[in-house]
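Colleague: Below you'll find work.txt; it's compact mmCIF, C-alpha atoms.
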```txt
# COMPACT_ATOMS: atom_id res chain seq x y z
CA MET A 1 0.00 0.00 0.00
CA ALA A 2 1.44 3.33 -1.10
CA PHE A 3 0.48 6.74 0.25
CA ASP A 4 0.25 9.75 -2.01
CA ALA A 5 2.32 12.82 -1.23
CA PRO A 6 0.52 15.58 0.66
CA GLY A 7 -1.32 18.06 -1.56
CA THR A 8 -2.48 21.55 -0.80
CA ARG A 9 -3.28 22.60 2.72
CA ALA A 10 -7.00 22.33 1.97
CA GLU A 11 -6.55 18.81 0.65
CA ILE A 12 -4.52 17.79 3.67
CA GLU A 13 -6.95 19.26 6.18
CA GLU A 14 -10.32 18.71 4.52
CA GLY A 15 -9.73 16.04 1.91
CA SER A 16 -10.58 12.37 2.00
CA ARG A 17 -7.14 11.10 1.01
CA LEU A 18 -4.73 9.75 3.60
CA THR A 19 -1.49 11.56 2.74
CA PRO A 20 0.58 11.23 5.91
CA HIS A 21 3.18 13.87 6.59
CA PHE A 22 6.23 11.93 7.69
CA GLY A 23 8.82 14.00 9.52
CA PRO A 24 12.50 14.37 8.61
CA ASP A 25 13.03 11.04 10.39
CA GLY A 26 10.38 9.39 8.20
CA LEU A 27 7.98 8.96 11.10
CA VAL A 28 4.54 10.01 12.27
CA THR A 29 3.51 9.94 15.92
CA CYS A 30 0.93 7.38 16.94
CA VAL A 31 -1.15 7.46 20.11
CA ALA A 32 -2.76 4.18 21.15
CA THR A 33 -5.70 4.31 23.54
CA ASP A 34 -7.66 1.52 25.17
CA HIS A 35 -10.97 1.16 23.33
CA ALA A 36 -12.82 0.40 26.56
CA THR A 37 -11.32 2.78 29.10
CA GLY A 38 -10.06 5.55 26.84
CA ASP A 39 -6.73 5.51 28.68
CA VAL A 40 -3.67 6.40 26.68
CA LEU A 41 -1.64 3.20 26.53
CA MET A 42 1.45 4.34 24.65
CA VAL A 43 2.91 6.93 22.33
CA ALA A 44 5.03 5.46 19.56
CA HIS A 45 6.07 6.07 15.99
CA MET A 46 5.22 4.68 12.59
CA ASN A 47 7.13 4.86 9.37
CA ARG A 48 5.55 4.43 5.97
CA GLU A 49 5.67 0.67 6.07
CA SER A 50 4.37 0.25 9.61
CA LEU A 51 1.46 2.60 8.90
CA ALA A 52 0.63 0.65 5.73
CA ARG A 53 0.76 -2.66 7.55
CA THR A 54 -1.43 -1.32 10.33
CA VAL A 55 -4.08 -0.25 7.81
CA GLU A 56 -3.81 -3.52 5.91
CA THR A 57 -3.79 -5.95 8.81
CA GLY A 58 -5.87 -4.14 11.44
CA GLU A 59 -3.11 -4.73 13.97
CA ALA A 60 -0.67 -2.14 15.27
CA TRP A 61 2.74 -2.05 13.66
CA TYR A 62 5.26 0.54 14.84
CA TRP A 63 8.78 1.57 14.05
CA SER A 64 11.12 0.93 16.94
CA ARG A 65 13.49 3.86 17.09
CA SER A 66 15.67 2.15 19.68
CA ARG A 67 16.04 -1.05 17.71
CA GLY A 68 15.78 0.57 14.29
CA GLU A 69 13.33 -2.00 13.02
CA LEU A 70 9.75 -2.65 12.11
CA TRP A 71 7.84 -3.68 15.21
CA HIS A 72 4.72 -5.81 15.14
CA LYS A 73 3.52 -5.03 18.64
CA GLY A 74 2.83 -8.21 20.56
CA ALA A 75 4.45 -10.57 18.08
CA THR A 76 6.65 -12.00 20.82
CA SER A 77 4.68 -11.02 23.96
CA GLY A 78 1.24 -11.93 22.68
CA GLN A 79 0.07 -8.39 23.43
CA ILE A 80 -1.23 -7.87 19.90
CA GLN A 81 -3.12 -4.61 19.47
CA THR A 82 -6.22 -4.97 17.33
CA VAL A 83 -7.17 -1.61 15.85
CA LEU A 84 -10.87 -0.92 16.32
CA GLU A 85 -10.67 2.64 15.05
CA MET A 86 -8.00 4.76 13.42
CA ARG A 87 -8.08 8.53 13.15
CA VAL A 88 -5.71 11.12 11.70
CA ASP A 89 -5.17 14.71 12.76
CA CYS A 90 -5.59 17.93 10.81
CA ASP A 91 -2.11 18.09 9.33
CA GLN A 92 -1.81 14.31 9.02
CA ASP A 93 1.35 13.96 11.05
CA ALA A 94 -0.26 12.14 13.97
CA ILE A 95 -2.37 8.98 14.18
CA TRP A 96 -4.76 7.94 16.92
CA ILE A 97 -5.70 4.28 17.20
CA LYS A 98 -8.18 2.73 19.60
CA VAL A 99 -7.05 -0.78 20.34
CA ARG A 100 -8.00 -3.98 22.08
CA VAL A 101 -4.95 -5.66 23.58
CA ALA A 102 -4.62 -9.42 23.45
CA GLY A 103 -2.58 -11.73 25.65
CA ASP A 104 -2.32 -10.54 29.24
CA GLY A 105 -3.60 -7.10 28.24
CA GLY A 106 -0.29 -5.40 28.93
CA CYS A 107 1.29 -2.76 26.78
CA CYS A 108 4.33 -1.31 28.56
CA HIS A 109 7.68 -3.09 28.58
CA THR A 110 7.62 -2.72 32.39
CA GLY A 111 4.64 -5.06 32.46
CA ARG A 112 1.95 -2.48 33.07
CA ARG A 113 -1.23 -2.03 31.07
CA SER A 114 -0.26 1.52 30.11
CA CYS A 115 3.08 3.26 29.79
CA PHE A 116 1.54 6.22 31.64
CA TYR A 117 1.52 4.63 35.08
CA ARG A 118 2.78 7.70 36.90
CA ALA A 119 1.00 10.96 37.61
CA VAL A 120 2.91 14.22 37.94
CA ARG A 121 2.06 15.86 41.26
CA ARG A 122 3.75 18.69 43.13
CA ASP A 123 5.36 18.42 46.53
CA GLY A 124 5.14 20.94 49.35
CA GLU A 125 7.67 23.19 47.66
CA GLY A 126 5.87 23.05 44.33
CA ARG A 127 8.42 20.72 42.75
CA PRO A 128 7.08 18.02 40.44
CA ILE A 129 7.01 14.55 41.89
CA LEU A 130 5.88 11.33 40.27
CA ALA A 131 3.23 9.17 41.92
CA LEU A 132 2.68 5.57 40.91
CA GLU A 133 -0.99 5.45 40.02
CA GLU A 134 -1.94 2.57 37.85
CA ARG A 135 -5.42 2.11 36.55
CA GLU A 136 -7.60 -0.77 37.40
CA PRO A 137 -8.25 -3.07 34.47
CA PRO A 138 -11.63 -2.53 32.85
CA PRO A 139 -14.45 -4.71 34.17
CA MET B 1 11.63 25.29 37.41
CA ALA B 2 14.56 23.14 36.38
CA PHE B 3 14.43 19.45 35.56
CA ASP B 4 17.24 17.12 36.56
CA ALA B 5 18.99 15.08 33.91
CA PRO B 6 17.74 11.51 33.51
CA GLY B 7 19.43 8.99 35.80
CA THR B 8 19.69 5.25 35.51
CA ARG B 9 17.06 3.30 33.66
CA ALA B 10 15.58 2.17 36.97
CA GLU B 11 15.36 5.75 38.17
CA ILE B 12 13.75 6.88 34.94
CA GLU B 13 11.20 4.07 34.89
CA GLU B 14 10.47 3.52 38.56
CA GLY B 15 11.63 6.66 40.32
CA SER B 16 9.62 9.59 41.62
CA ARG B 17 11.64 12.33 39.93
CA LEU B 18 10.43 13.98 36.75
CA THR B 19 13.49 13.86 34.50
CA PRO B 20 12.09 14.36 31.02
CA HIS B 21 14.00 12.92 28.12
CA PHE B 22 14.00 15.67 25.51
CA GLY B 23 14.84 14.52 22.01
CA PRO B 24 17.59 15.86 19.76
CA ASP B 25 15.18 18.69 18.91
CA GLY B 26 14.75 19.52 22.59
CA LEU B 27 11.15 18.33 22.65
CA VAL B 28 8.90 15.79 24.27
CA THR B 29 5.59 14.69 22.75
CA CYS B 30 2.44 15.73 24.55
CA VAL B 31 -1.00 14.18 24.09
CA ALA B 32 -3.94 16.24 25.29
CA THR B 33 -7.21 14.45 25.95
CA ASP B 34 -10.60 15.82 26.95
CA HIS B 35 -11.12 15.17 30.64
CA ALA B 36 -14.81 14.43 30.15
CA THR B 37 -14.96 12.42 26.93
CA GLY B 38 -11.47 10.92 26.89
CA ASP B 39 -11.14 11.93 23.24
CA VAL B 40 -7.67 12.78 22.03
CA LEU B 41 -7.79 16.49 21.24
CA MET B 42 -4.30 17.10 19.89
CA VAL B 43 -0.74 15.86 19.74
CA ALA B 44 1.83 18.59 20.21
CA HIS B 45 5.30 19.17 21.57
CA MET B 46 6.85 20.75 24.63
CA ASN B 47 10.33 22.00 25.20
CA ARG B 48 11.88 22.41 28.63
CA GLU B 49 10.32 25.81 29.23
CA SER B 50 6.82 24.94 28.05
CA LEU B 51 6.78 21.82 30.21
CA ALA B 52 7.95 23.84 33.21
CA ARG B 53 5.29 26.48 32.63
CA THR B 54 2.61 23.82 32.24
CA VAL B 55 3.55 22.30 35.59
CA GLU B 56 3.78 25.71 37.27
CA THR B 57 0.62 27.30 35.90
CA GLY B 58 -1.69 24.33 35.43
CA GLU B 59 -2.38 25.47 31.87
CA ALA B 60 -1.02 23.89 28.70
CA TRP B 61 2.01 25.52 27.14
CA TYR B 62 3.48 24.01 24.01
CA TRP B 63 6.35 24.67 21.67
CA SER B 64 5.15 25.62 18.22
CA ARG B 65 7.48 23.95 15.76
CA SER B 66 5.98 25.84 12.83
CA ARG B 67 6.36 29.24 14.45
CA GLY B 68 9.45 28.38 16.48
CA GLU B 69 8.07 29.91 19.63
CA LEU B 70 6.59 29.22 23.03
CA TRP B 71 2.85 28.73 22.69
CA HIS B 72 0.40 29.38 25.50
CA LYS B 73 -2.53 27.49 24.03
CA GLY B 74 -5.62 29.68 23.97
CA ALA B 75 -3.87 32.94 24.79
CA THR B 76 -5.36 34.56 21.70
CA SER B 77 -8.34 32.26 20.99
CA GLY B 78 -9.57 31.92 24.56
CA GLN B 79 -9.28 28.14 24.24
CA ILE B 80 -7.11 27.86 27.35
CA GLN B 81 -6.46 24.25 28.38
CA THR B 82 -6.63 23.74 32.13
CA VAL B 83 -4.65 20.66 33.10
CA LEU B 84 -6.66 18.44 35.43
CA GLU B 85 -4.16 15.61 35.37
CA MET B 86 -0.67 15.14 34.00
CA ARG B 87 1.02 11.79 33.47
CA VAL B 88 4.40 10.73 32.10
CA ASP B 89 5.35 7.55 30.31
CA CYS B 90 7.90 4.89 31.18
CA ASP B 91 10.90 6.47 29.49
CA GLN B 92 9.75 10.01 30.22
CA ASP B 93 9.74 11.21 26.63
CA ALA B 94 5.98 11.60 26.37
CA ILE B 95 3.43 13.50 28.45
CA TRP B 96 -0.31 12.93 28.71
CA ILE B 97 -2.49 15.75 29.97
CA LYS B 98 -6.22 15.62 30.61
CA VAL B 99 -7.60 19.06 30.01
CA ARG B 100 -10.71 21.19 30.25
CA VAL B 101 -10.91 23.62 27.36
CA ALA B 102 -12.18 27.16 27.95
CA GLY B 103 -13.69 29.59 25.47
CA ASP B 104 -15.76 27.92 22.80
CA GLY B 105 -14.28 24.54 23.68
CA GLY B 106 -12.35 24.25 20.44
CA CYS B 107 -8.86 22.95 20.06
CA CYS B 108 -8.02 22.54 16.39
CA HIS B 109 -7.00 25.48 14.23
CA THR B 110 -9.72 24.38 11.79
CA GLY B 111 -12.29 25.23 14.45
CA ARG B 112 -13.13 21.71 15.56
CA ARG B 113 -13.10 20.42 19.10
CA SER B 114 -10.42 17.85 18.28
CA CYS B 115 -7.73 17.71 15.63
CA PHE B 116 -8.71 14.08 15.02
CA TYR B 117 -11.96 14.81 13.19
CA ARG B 118 -11.39 12.20 10.48
CA ALA B 119 -11.53 8.45 10.71
CA VAL B 120 -9.45 6.24 8.43
CA ARG B 121 -11.71 3.77 6.64
CA ARG B 122 -11.09 1.55 3.63
CA ASP B 123 -12.88 1.76 0.34
CA GLY B 124 -14.10 -1.12 -1.80
CA GLU B 125 -10.60 -1.76 -3.07
CA GLY B 126 -9.10 -1.70 0.41
CA ARG B 127 -7.55 1.72 -0.03
CA PRO B 128 -7.61 4.03 2.96
CA ILE B 129 -10.14 6.83 2.80
CA LEU B 130 -10.83 9.56 5.31
CA ALA B 131 -14.32 10.09 6.67
CA LEU B 132 -15.32 13.27 8.47
CA GLU B 133 -16.61 12.06 11.81
CA GLU B 134 -16.65 14.68 14.45
CA ARG B 135 -17.67 13.95 17.97
CA GLU B 136 -20.63 15.46 19.68
CA PRO B 137 -19.70 17.81 22.48
CA PRO B 138 -20.05 16.28 25.94
CA PRO B 139 -23.40 16.83 27.68
```
Would you give me this structure, written as structure tokens?

Modeller:
Amino acid sequence: MAFDAPGTRAEIEEGSRLTPHFGPDGLVTCVATDHATGDVLMVAHMNRESLARTVETGEAWYWSRSRGELWHKGATSGQIQTVLEMRVDCDQDAIWIKVRVAGDGGCCHTGRRSCFYRAVRRDGEGRPILALEEREPPP
Amino acid sequence: MAFDAPGTRAEIEEGSRLTPHFGPDGLVTCVATDHATGDVLMVAHMNRESLARTVETGEAWYWSRSRGELWHKGATSGQIQTVLEMRVDCDQDAIWIKVRVAGDGGCCHTGRRSCFYRAVRRDGEGRPILALEEREPPP
């Protein structure tokens, strides 16, 4: 699956063609949320091929910047992300997918359901401090 | 407000200090969601100063890559984003904020509530096609 190059601003913002704007690194940002809870599970990146495979297969494929390779999420862990809905933002440089996670339902490499397991609070002096606050799994 | 440099991997992932990992461009990714609906409103970027101001003021400050300047979201439009919750991901290079939007409740420069006003569907030949599908405002 090939993507056309972005057209005019009006086409990009109001058109019906998916013409992703890949950055200088060849990537778009992808936000994955849990389809049931709405929680943000992870923020990752997709290159042209991973975006195409995600559209084609209905499962989330990313580009691992740390490993420098295509990354079929869950291929080894079983935590496959089935894409129930995919959306694109106004300038087509960010993707939002709502997913259902298979396997043990985890997403983060630390074993948690979401990578965002810490809230930023402020201590008595106003300094930011991180609080471990995981979510309960959905019923 | 100054942020310490990232420590060991264990400190970054399990510690209570906010030590953001800014990329080569000096930015972290920030996802803003609507506190009431859970919808992703926008994906933007923060540099060190905008993140500090967001923590200090409780309102969203971004770094505008297109304009190359600090961006107090809503300062001119009235669409101020009050941060009700801030979270950070495992490797501290992405921020998730849950916000309440002031003014007319808009977020996108096109006038919509969310930048993700189009869903990616597939046409009869399996090609991706964008469908305008805005969300209803919360009750």

Colleague: For chain B, which of A:His35, A:Arg17, A:His45, A:Arg9 is the closest residue, counting all atoms listed in the file?

Modeller: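 Checking each candidate against chain B, we get A:Arg17 as the closest.
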
Colleague: Over every C-alpha pair, in sequence order, do a least-squares fit of chain B onto chain A and save the fitted chain as a compact mmCIF listing (two decimals) with C-alpha atoms, in the coordinates of the input.

Modeller:
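In the end it all went to part-v4.txt:
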```txt
# COMPACT_ATOMS: atom_id res chain seq x y z
CA MET B 1 0.01 0.02 0.02
CA ALA B 2 1.44 3.34 -1.09
CA PHE B 3 0.49 6.74 0.26
CA ASP B 4 0.26 9.76 -2.01
CA ALA B 5 2.33 12.82 -1.24
CA PRO B 6 0.52 15.57 0.67
CA GLY B 7 -1.33 18.05 -1.54
CA THR B 8 -2.50 21.54 -0.81
CA ARG B 9 -3.28 22.58 2.72
CA ALA B 10 -7.00 22.33 1.96
CA GLU B 11 -6.55 18.81 0.65
CA ILE B 12 -4.52 17.79 3.67
CA GLU B 13 -6.96 19.27 6.17
CA GLU B 14 -10.31 18.73 4.51
CA GLY B 15 -9.75 16.05 1.90
CA SER B 16 -10.58 12.36 2.00
CA ARG B 17 -7.14 11.08 1.01
CA LEU B 18 -4.72 9.75 3.60
CA THR B 19 -1.49 11.55 2.75
CA PRO B 20 0.59 11.23 5.90
CA HIS B 21 3.17 13.87 6.59
CA PHE B 22 6.25 11.94 7.69
CA GLY B 23 8.84 14.01 9.51
CA PRO B 24 12.51 14.38 8.60
CA ASP B 25 13.03 11.05 10.38
CA GLY B 26 10.39 9.40 8.21
CA LEU B 27 7.98 8.98 11.10
CA VAL B 28 4.55 10.01 12.27
CA THR B 29 3.51 9.95 15.93
CA CYS B 30 0.93 7.38 16.94
CA VAL B 31 -1.15 7.45 20.12
CA ALA B 32 -2.75 4.18 21.15
CA THR B 33 -5.69 4.32 23.54
CA ASP B 34 -7.65 1.52 25.17
CA HIS B 35 -10.95 1.15 23.35
CA ALA B 36 -12.82 0.40 26.57
CA THR B 37 -11.31 2.78 29.12
CA GLY B 38 -10.06 5.54 26.84
CA ASP B 39 -6.74 5.51 28.69
CA VAL B 40 -3.67 6.40 26.69
CA LEU B 41 -1.64 3.20 26.54
CA MET B 42 1.45 4.35 24.66
CA VAL B 43 2.92 6.93 22.34
CA ALA B 44 5.03 5.45 19.57
CA HIS B 45 6.06 6.07 16.00
CA MET B 46 5.23 4.68 12.59
CA ASN B 47 7.13 4.87 9.37
CA ARG B 48 5.54 4.45 5.96
CA GLU B 49 5.66 0.66 6.07
CA SER B 50 4.35 0.25 9.61
CA LEU B 51 1.45 2.58 8.90
CA ALA B 52 0.64 0.66 5.72
CA ARG B 53 0.75 -2.66 7.55
CA THR B 54 -1.44 -1.30 10.34
CA VAL B 55 -4.08 -0.23 7.82
CA GLU B 56 -3.83 -3.52 5.90
CA THR B 57 -3.81 -5.95 8.82
CA GLY B 58 -5.87 -4.14 11.44
CA GLU B 59 -3.11 -4.73 13.98
CA ALA B 60 -0.66 -2.13 15.28
CA TRP B 61 2.75 -2.04 13.67
CA TYR B 62 5.25 0.53 14.85
CA TRP B 63 8.77 1.57 14.05
CA SER B 64 11.11 0.93 16.94
CA ARG B 65 13.50 3.86 17.09
CA SER B 66 15.67 2.15 19.68
CA ARG B 67 16.04 -1.05 17.70
CA GLY B 68 15.79 0.56 14.27
CA GLU B 69 13.33 -1.99 13.01
CA LEU B 70 9.73 -2.66 12.10
CA TRP B 71 7.83 -3.67 15.22
CA HIS B 72 4.71 -5.81 15.14
CA LYS B 73 3.50 -5.02 18.64
CA GLY B 74 2.82 -8.22 20.56
CA ALA B 75 4.45 -10.58 18.08
CA THR B 76 6.64 -12.01 20.82
CA SER B 77 4.68 -11.03 23.96
CA GLY B 78 1.22 -11.94 22.69
CA GLN B 79 0.08 -8.39 23.43
CA ILE B 80 -1.23 -7.88 19.90
CA GLN B 81 -3.13 -4.60 19.48
CA THR B 82 -6.23 -4.97 17.34
CA VAL B 83 -7.17 -1.61 15.86
CA LEU B 84 -10.87 -0.91 16.33
CA GLU B 85 -10.67 2.64 15.07
CA MET B 86 -8.01 4.75 13.41
CA ARG B 87 -8.09 8.53 13.15
CA VAL B 88 -5.72 11.12 11.70
CA ASP B 89 -5.18 14.70 12.76
CA CYS B 90 -5.58 17.94 10.83
CA ASP B 91 -2.10 18.09 9.33
CA GLN B 92 -1.81 14.32 9.03
CA ASP B 93 1.36 13.96 11.06
CA ALA B 94 -0.25 12.14 13.97
CA ILE B 95 -2.37 8.99 14.18
CA TRP B 96 -4.76 7.92 16.93
CA ILE B 97 -5.70 4.27 17.20
CA LYS B 98 -8.18 2.74 19.62
CA VAL B 99 -7.06 -0.76 20.34
CA ARG B 100 -8.00 -3.98 22.09
CA VAL B 101 -4.95 -5.65 23.58
CA ALA B 102 -4.62 -9.44 23.45
CA GLY B 103 -2.56 -11.72 25.67
CA ASP B 104 -2.33 -10.54 29.24
CA GLY B 105 -3.59 -7.10 28.25
CA GLY B 106 -0.27 -5.41 28.91
CA CYS B 107 1.31 -2.76 26.80
CA CYS B 108 4.33 -1.31 28.57
CA HIS B 109 7.68 -3.09 28.59
CA THR B 110 7.64 -2.73 32.39
CA GLY B 111 4.64 -5.06 32.46
CA ARG B 112 1.94 -2.49 33.09
CA ARG B 113 -1.22 -2.03 31.08
CA SER B 114 -0.24 1.51 30.11
CA CYS B 115 3.09 3.26 29.80
CA PHE B 116 1.56 6.22 31.64
CA TYR B 117 1.52 4.61 35.09
CA ARG B 118 2.79 7.71 36.90
CA ALA B 119 1.02 10.95 37.60
CA VAL B 120 2.91 14.23 37.93
CA ARG B 121 2.07 15.87 41.25
CA ARG B 122 3.74 18.70 43.13
CA ASP B 123 5.35 18.44 46.51
CA GLY B 124 5.14 20.94 49.35
CA GLU B 125 7.67 23.19 47.66
CA GLY B 126 5.87 23.05 44.32
CA ARG B 127 8.40 20.72 42.76
CA PRO B 128 7.07 18.04 40.45
CA ILE B 129 7.01 14.55 41.89
CA LEU B 130 5.88 11.33 40.27
CA ALA B 131 3.25 9.17 41.92
CA LEU B 132 2.67 5.56 40.89
CA GLU B 133 -1.00 5.45 39.99
CA GLU B 134 -1.93 2.57 37.83
CA ARG B 135 -5.40 2.10 36.51
CA GLU B 136 -7.61 -0.79 37.35
CA PRO B 137 -8.26 -3.06 34.41
CA PRO B 138 -11.66 -2.53 32.79
CA PRO B 139 -14.49 -4.73 34.09
```

Colleague: Using only C-alpha atoms, I'd like a table of the residues in chain B that come within 8 Å of chain A; for each, show the closest atom pair and its distance in Å rounded to one decimal, ordered by chain and ascending number, as CSV.

Modeller:
```
residue,atom,partner,partner_atom,distance
B:Met1,CA,A:Arg127,CA,7.7
B:Gly15,CA,A:Leu130,CA,7.4
B:Ser16,CA,A:Leu130,CA,4.3
B:Arg17,CA,A:Ile129,CA,5.5
B:Leu18,CA,A:Ile129,CA,6.2
B:Val31,CA,A:Val31,CA,7.8
B:Gly38,CA,A:Gly38,CA,5.6
B:Asp39,CA,A:Gly38,CA,7.4
B:Val40,CA,A:Trp96,CA,7.6
B:Met42,CA,A:Asp89,CA,7.6
B:Val43,CA,A:Ala94,CA,6.9
B:Val55,CA,A:Pro128,CA,7.4
B:Glu56,CA,A:Gly126,CA,7.8
B:Glu85,CA,A:Ala119,CA,7.3
B:Met86,CA,A:Val120,CA,5.4
B:Arg87,CA,A:Ala119,CA,4.2
B:Val88,CA,A:Phe116,CA,5.4
B:Asp89,CA,A:Phe116,CA,4.2
B:Cys90,CA,A:Cys115,CA,5.3
B:Ala94,CA,A:Val43,CA,6.9
B:Trp96,CA,A:Phe116,CA,7.6
B:Cys108,CA,A:Cys90,CA,7.6
B:Thr110,CA,A:Cys90,CA,7.7
B:Cys115,CA,A:Asp89,CA,4.9
B:Phe116,CA,A:Asp89,CA,4.2
B:Tyr117,CA,A:Asp89,CA,6.8
B:Arg118,CA,A:Arg87,CA,5.6
B:Ala119,CA,A:Arg87,CA,4.2
B:Val120,CA,A:Met86,CA,5.4
B:Arg121,CA,A:Met86,CA,7.8
B:Gly126,CA,A:Glu56,CA,7.8
B:Arg127,CA,A:Met1,CA,7.7
B:Pro128,CA,A:Leu18,CA,6.4
B:Ile129,CA,A:Arg17,CA,5.5
B:Leu130,CA,A:Ser16,CA,4.3
B:Ala131,CA,A:Ser16,CA,6.4
```

Colleague: Would you mind exporting C-alpha atoms of the selected residues as a PDB file, in the frame of the given file?

Modeller:
```pdb
ATOM      1  CA  MET B   1      11.630  25.290  37.410  1.00  0.00           C
ATOM      2  CA  GLY B  15      11.630   6.660  40.320  1.00  0.00           C
ATOM      3  CA  SER B  16       9.620   9.590  41.620  1.00  0.00           C
ATOM      4  CA  ARG B  17      11.640  12.330  39.930  1.00  0.00           C
ATOM      5  CA  LEU B  18      10.430  13.980  36.750  1.00  0.00           C
ATOM      6  CA  VAL B  31      -1.000  14.180  24.090  1.00  0.00           C
ATOM      7  CA  GLY B  38     -11.470  10.920  26.890  1.00  0.00           C
ATOM      8  CA  ASP B  39     -11.140  11.930  23.240  1.00  0.00           C
ATOM      9  CA  VAL B  40      -7.670  12.780  22.030  1.00  0.00           C
ATOM     10  CA  MET B  42      -4.300  17.100  19.890  1.00  0.00           C
ATOM     11  CA  VAL B  43      -0.740  15.860  19.740  1.00  0.00           C
ATOM     12  CA  VAL B  55       3.550  22.300  35.590  1.00  0.00           C
ATOM     13  CA  GLU B  56       3.780  25.710  37.270  1.00  0.00           C
ATOM     14  CA  GLU B  85      -4.160  15.610  35.370  1.00  0.00           C
ATOM     15  CA  MET B  86      -0.670  15.140  34.000  1.00  0.00           C
ATOM     16  CA  ARG B  87       1.020  11.790  33.470  1.00  0.00           C
ATOM     17  CA  VAL B  88       4.400  10.730  32.100  1.00  0.00           C
ATOM     18  CA  ASP B  89       5.350   7.550  30.310  1.00  0.00           C
ATOM     19  CA  CYS B  90       7.900   4.890  31.180  1.00  0.00           C
ATOM     20  CA  ALA B  94       5.980  11.600  26.370  1.00  0.00           C
ATOM     21  CA  TRP B  96      -0.310  12.930  28.710  1.00  0.00           C
ATOM     22  CA  CYS B 108      -8.020  22.540  16.390  1.00  0.00           C
ATOM     23  CA  THR B 110      -9.720  24.380  11.790  1.00  0.00           C
ATOM     24  CA  CYS B 115      -7.730  17.710  15.630  1.00  0.00           C
ATOM     25  CA  PHE B 116      -8.710  14.080  15.020  1.00  0.00           C
ATOM     26  CA  TYR B 117     -11.960  14.810  13.190  1.00  0.00           C
ATOM     27  CA  ARG B 118     -11.390  12.200  10.480  1.00  0.00           C
ATOM     28  CA  ALA B 119     -11.530   8.450  10.710  1.00  0.00           C
ATOM     29  CA  VAL B 120      -9.450   6.240   8.430  1.00  0.00           C
ATOM     30  CA  ARG B 121     -11.710   3.770   6.640  1.00  0.00           C
ATOM     31  CA  GLY B 126      -9.100  -1.700   0.410  1.00  0.00           C
ATOM     32  CA  ARG B 127      -7.550   1.720  -0.030  1.00  0.00           C
ATOM     33  CA  PRO B 128      -7.610   4.030   2.960  1.00  0.00           C
ATOM     34  CA  ILE B 129     -10.140   6.830   2.800  1.00  0.00           C
ATOM     35  CA  LEU B 130     -10.830   9.560   5.310  1.00  0.00           C
ATOM     36  CA  ALA B 131     -14.320  10.090   6.670  1.00  0.00           C
TER      37      ALA B 131
END
```

Colleague: Mind pulling up the distance from atom CA of Asp34 of chain B to atom CA of Arg100 of chain B?

Modeller: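 Atom-to-atom, atom CA of Arg100 of chain B to atom CA of Asp34 of chain B, that is 6.3 Å.
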
Colleague: Using only C-alpha atoms, pick whichever of B:Trp61, B:Leu27, B:Gly74, B:Gly68 has the shortest atom-to-atom distance to Arg48 of chain B.

Modeller: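 Using only C-alpha atoms, Arg48 of chain B sits closest to B:Leu27.
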
Colleague: Grab the atom CA of Val28 of chain A to atom CA of Glu11 of chain A distance for me, in Å with one decimal place.

Modeller: 18.3 Å

Colleague: Between atom CA of Trp63 of chain B and atom CA of Met46 of chain B, what is the distance, to one decimal in Å?

Modeller: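 One can read the atom CA of Trp63 of chain B to atom CA of Met46 of chain B distance as 4.9 Å.
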
Colleague: Give the answer as one residue: which of B:Thr57, B:Leu84, B:Glu49, B:Gly103 has the shortest atom-to-atom distance to Leu70 of chain B, using only C-alpha atoms?

Modeller: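 Looking only at the distances to Leu70 of chain B, the closest residue turns out to be B:Glu49.
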
Colleague: Give as a VMD selection string every residue, naming chains and numbers as the document does, that has an atom within 8 Å of (-12.5, 26.2, 26.8), counting all atoms listed in the file.

Modeller: chain B and resid 78 to 81 100 to 106

Colleague: May I ask which of the residues A:Lys98, A:Asn47, A:Arg113, A:Val83 is the closest one to Glu69 of chain A, counting only C-alpha atoms?

Modeller: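 Ranking A:Lys98, A:Asn47, A:Arg113, A:Val83 by distance to Glu69 of chain A, first place goes to A:Asn47.
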